[in-house]
Amino acid sequence: MNIATTKRKVAIIASHGGLDEAYPALILANAARQSGIDAFVFFTFWGLDIITTSKVDHLHVNLAGNASSGMPTVLAGLPGMESLAASMMKKQMTELDLPTVREMLQILDESGAELYACELAMKMFKRTKEDLVPEVRDVITAGDFYDLADGAQIIFT
Amino acid sequence: MGASEQDLAAVMARLEAMDARVGYLVRQQEKTAELLGEMTPILRLVMESATGKLDELDKRGYFAFGKEVLYLTERVVEGFEPDDVRKLGDAVVGILETVRAMTQPKILAIAGEASDVLERSDEAEPLGLLGMVRATRDDDVQKGMAVMMEMMRHVGRIARAVETQRKADPNAEKKAKLAAVLGPRKKKVLGVERTAPPQRAVRATREPLGPPTGCAVPSDKPREVAAVIDGVAFGADGHLADPASWSPELAARLAAAQGVPMDEARWAVVRFARADFEATKTSPNIRRLTQGTNLATRDLYALFPKAPARTVAKIAGIPKPAGCI
């Protein structure tokens, strides 16, 4: 959905696939659309997990090396810790009635934000368009993305 | 008179027959008594010997074992269904072959060695990552690792074969139907097959809608007046300074200024936004608008293309919605 009357555009590059890393990108894009700003999101590298059908519902929280997690890195590396942290975060999000990542993608698509996957990353991770959620408009190169997001403010997450 | 004589004779004959029978019974009785008399010592011996034998069996644990076997059988019957047993029947040959392979002297020797090591486990020193790396220099450890790797490769290959077999199972549909009839079975599947998370229930009715959640921020504080146009005070962001100064006529003019052609669908959204603000003192964000009006996000963007929640709030004369969702 193109809005001729708006001039502002944001292009958000999501390069990480953690639950805590997915939300900032998606919320920024959603807030942009709610403020009447055009939004493009480019998913690359681990960010592809956010739009991969088999992974979108199972994103984890990366604790190791995260100083804000409050958990010593030695413990954070233990098996199951990431799942534990992810389930705790999901619980809090449910309490706040935040949409799930999958719902966020649907909301973004319905609100007219455009989601794209990085072609190079797709090849690296051996994924095809069929592996991605239907909200993804296309698989494009970084150059194509710049063309699409011409004149946009670029946010890297 | 003749008749009574005849009767008497018949009675006598019967009595004689009875006497013979009684005699026979008495003789039999005597024989039995004799037999019993003879048998008693023998029986006593047999009983003694049997008791001893049973006692011995009991001491050797046969009965306790039997009881356990019965318990085990019960557990097996509870835990398995006829279908499982049928499958087990097919697999019995394979199981026996496995057992035979596993009980080969060589394999048993390895297993014995391994269990010896476990026995002496308290002697083993704790090992760190570096210790592990150092240990890999040992020839025996290397050999053991190679064997483990080979085993893992085999297990992996078999797992993949099982997976493809499961996919190609022609009876899958029937089994699924049967499973649906029989209800859920407590059967844990090996591997990482995850089920999709339950979808959130779609709100079917418009009422009641709970209090606002998420990062919604109440917006009932008094606002600064930035401009007064035609006697109506506006804030710096273009929203009405005082929601109480709103009227449907004003809303129509505000909508026209926004370039929004008002129709019944749009009025419904505006009415909901205003009612929700009055009830909660919070301007609804787009998520709450979708929940409250049963419209999809897509529909809202179609009705109010530019920033729906804000446009609706402007027309409804309520503050700009705060929050990020």
# chains A, B, ... in the order shown; residues from 1 in each chain; ligands from 1
$ residues_around --residues "segment 129-139 of chain A" --least-positions-apart "2" --cutoff "7 Å" --atoms "only C-alpha atoms" --output "ChimeraX atom specification"
/A:51-53,105-106,109,114-119,127
$ interface_residues --of "chain A" --to "chain B" --cutoff "6 Å" --atoms "only C-alpha atoms" --output "list in words"
Ala31, Gln34, Ser35, Gly36, Leu96, Asp97, Leu98, Glu110 and Ser111 of chain A
$ residues_around --residues "Phe42 of chain A" --least-positions-apart "4" --cutoff "12 Å" --atoms "only C-alpha atoms" --output "ChimeraX atom specification"
/A:10-16,22,25-26,29,46-48,50-51,113-119,121,136-146,148-149,154-157
$ write_last_selection --atoms "N, CA and C atoms" --output "compact mmCIF listing (two decimals), in the first residue's frame"
# COMPACT_ATOMS: atom_id res chain seq x y z
N VAL A 10 11.33 4.68 6.54
CA VAL A 10 12.42 4.05 7.27
C VAL A 10 12.71 2.70 6.66
N ALA A 11 14.00 2.37 6.62
CA ALA A 11 14.43 1.05 6.18
C ALA A 11 15.14 0.40 7.34
N ILE A 12 14.57 -0.71 7.80
CA ILE A 12 15.12 -1.36 8.98
C ILE A 12 15.80 -2.65 8.55
N ILE A 13 17.03 -2.83 8.98
CA ILE A 13 17.77 -4.04 8.63
C ILE A 13 17.84 -4.91 9.87
N ALA A 14 17.22 -6.09 9.81
CA ALA A 14 17.22 -7.01 10.96
C ALA A 14 18.24 -8.10 10.68
N SER A 15 19.32 -8.11 11.43
CA SER A 15 20.39 -9.07 11.14
C SER A 15 20.57 -10.11 12.23
N HIS A 16 19.75 -10.02 13.30
CA HIS A 16 19.87 -11.00 14.38
C HIS A 16 18.54 -11.71 14.59
N ALA A 22 14.49 -9.59 17.68
CA ALA A 22 13.45 -9.51 16.64
C ALA A 22 12.47 -8.38 16.95
N ALA A 25 13.18 -4.55 15.96
CA ALA A 25 13.01 -4.28 14.54
C ALA A 25 11.53 -4.22 14.16
N LEU A 26 10.76 -5.22 14.66
CA LEU A 26 9.35 -5.31 14.27
C LEU A 26 8.54 -4.17 14.89
N ALA A 29 9.23 -0.94 13.08
CA ALA A 29 8.54 -0.90 11.79
C ALA A 29 7.06 -0.62 12.00
N TRP A 46 21.19 -13.93 10.51
CA TRP A 46 20.37 -14.64 11.50
C TRP A 46 18.96 -14.06 11.55
N GLY A 47 18.83 -12.84 11.08
CA GLY A 47 17.51 -12.22 11.02
C GLY A 47 16.53 -13.03 10.18
N LEU A 48 17.06 -13.87 9.29
CA LEU A 48 16.19 -14.72 8.46
C LEU A 48 15.33 -15.64 9.32
N ILE A 50 13.67 -14.95 11.79
CA ILE A 50 12.42 -14.28 12.18
C ILE A 50 11.32 -14.53 11.14
N ILE A 51 11.73 -14.72 9.89
CA ILE A 51 10.71 -14.89 8.84
C ILE A 51 10.71 -16.32 8.29
N ALA A 113 3.65 -2.37 5.84
CA ALA A 113 5.11 -2.42 5.89
C ALA A 113 5.57 -3.52 4.94
N GLU A 114 6.73 -3.31 4.29
CA GLU A 114 7.18 -4.29 3.31
C GLU A 114 8.34 -5.09 3.87
N LEU A 115 8.21 -6.41 3.82
CA LEU A 115 9.23 -7.29 4.38
C LEU A 115 9.99 -7.97 3.24
N TYR A 116 11.31 -7.95 3.33
CA TYR A 116 12.14 -8.57 2.30
C TYR A 116 13.20 -9.46 2.94
N ALA A 117 13.58 -10.51 2.22
CA ALA A 117 14.64 -11.40 2.69
C ALA A 117 15.89 -11.17 1.85
N CYS A 118 17.04 -11.35 2.45
CA CYS A 118 18.32 -11.13 1.77
C CYS A 118 18.68 -12.37 0.95
N GLU A 119 18.96 -12.14 -0.33
CA GLU A 119 19.21 -13.26 -1.23
C GLU A 119 20.49 -14.01 -0.85
N ALA A 121 22.00 -14.19 2.08
CA ALA A 121 21.82 -14.95 3.32
C ALA A 121 20.98 -16.19 3.06
N VAL A 136 6.42 -12.27 3.60
CA VAL A 136 7.62 -11.76 2.94
C VAL A 136 7.31 -11.50 1.47
N ARG A 137 7.58 -10.26 1.01
CA ARG A 137 7.18 -9.92 -0.36
C ARG A 137 8.11 -10.53 -1.39
N ASP A 138 9.43 -10.52 -1.07
CA ASP A 138 10.36 -10.97 -2.09
C ASP A 138 11.72 -11.26 -1.47
N VAL A 139 12.52 -11.98 -2.24
CA VAL A 139 13.91 -12.20 -1.86
C VAL A 139 14.75 -11.30 -2.75
N ILE A 140 15.46 -10.37 -2.15
CA ILE A 140 16.15 -9.36 -2.96
C ILE A 140 17.60 -9.21 -2.49
N THR A 141 18.41 -8.54 -3.30
CA THR A 141 19.80 -8.29 -2.91
C THR A 141 19.87 -6.97 -2.15
N ALA A 142 21.01 -6.74 -1.54
CA ALA A 142 21.20 -5.50 -0.78
C ALA A 142 21.03 -4.29 -1.69
N GLY A 143 21.50 -4.41 -2.92
CA GLY A 143 21.36 -3.30 -3.86
C GLY A 143 19.90 -3.00 -4.17
N ASP A 144 19.11 -4.06 -4.39
CA ASP A 144 17.67 -3.88 -4.64
C ASP A 144 17.04 -3.16 -3.46
N PHE A 145 17.49 -3.54 -2.26
CA PHE A 145 16.91 -2.95 -1.06
C PHE A 145 17.18 -1.45 -1.02
N TYR A 146 18.39 -1.07 -1.38
CA TYR A 146 18.70 0.36 -1.40
C TYR A 146 17.81 1.09 -2.40
N LEU A 148 14.79 0.21 -3.34
CA LEU A 148 13.43 0.28 -2.78
C LEU A 148 13.34 1.35 -1.71
N ALA A 149 14.36 1.40 -0.87
CA ALA A 149 14.34 2.28 0.30
C ALA A 149 14.97 3.63 -0.03
N ILE A 154 17.85 4.79 7.51
CA ILE A 154 18.17 3.37 7.67
C ILE A 154 18.51 3.07 9.13
N ILE A 155 17.86 2.02 9.64
CA ILE A 155 18.07 1.59 11.02
C ILE A 155 18.60 0.17 10.98
N PHE A 156 19.71 -0.05 11.67
CA PHE A 156 20.29 -1.40 11.70
C PHE A 156 20.08 -1.99 13.10
N THR A 157 19.47 -3.16 13.15
CA THR A 157 19.28 -3.76 14.48
C THR A 157 19.99 -5.11 14.56
$ select_by_dssp --residues "chain A" --states "strand (DSSP E or B)" --output "ChimeraX atom specification"
/A:9-14,38-43,52,114-118,132,136-140,153-156
$ atom_distance --atom1 "atom CA of Glu68 of chain B" --atom2 "atom CA of Glu97 of chain B"
26.5 Å
$ atom_distance --atom1 "atom CA of Glu224 of chain B" --atom2 "atom CA of Gly292 of chain B"
29.3 Å
$ select_by_dssp --residues "segment 3-150 of chain A" --states "alpha helix (DSSP H)" --output "number ranges by chain"
A: 19-34, 73-76, 81-95, 101-110, 119-124, 142-148
$ closest_residue --among "A:Ile27, A:Leu84, A:Asp150, A:Glu95" --to "Leu59 of chain A" --atoms "only C-alpha atoms"
A:Leu84
$ atom_distance --atom1 "atom CA of Val74 of chain A" --atom2 "atom CA of Asn62 of chain A"
13.1 Å
$ closest_residue --among "A:Asp20, A:Asp49, A:Gly70, A:Val56" --to "Glu103 of chain A" --atoms "only C-alpha atoms"
A:Val56
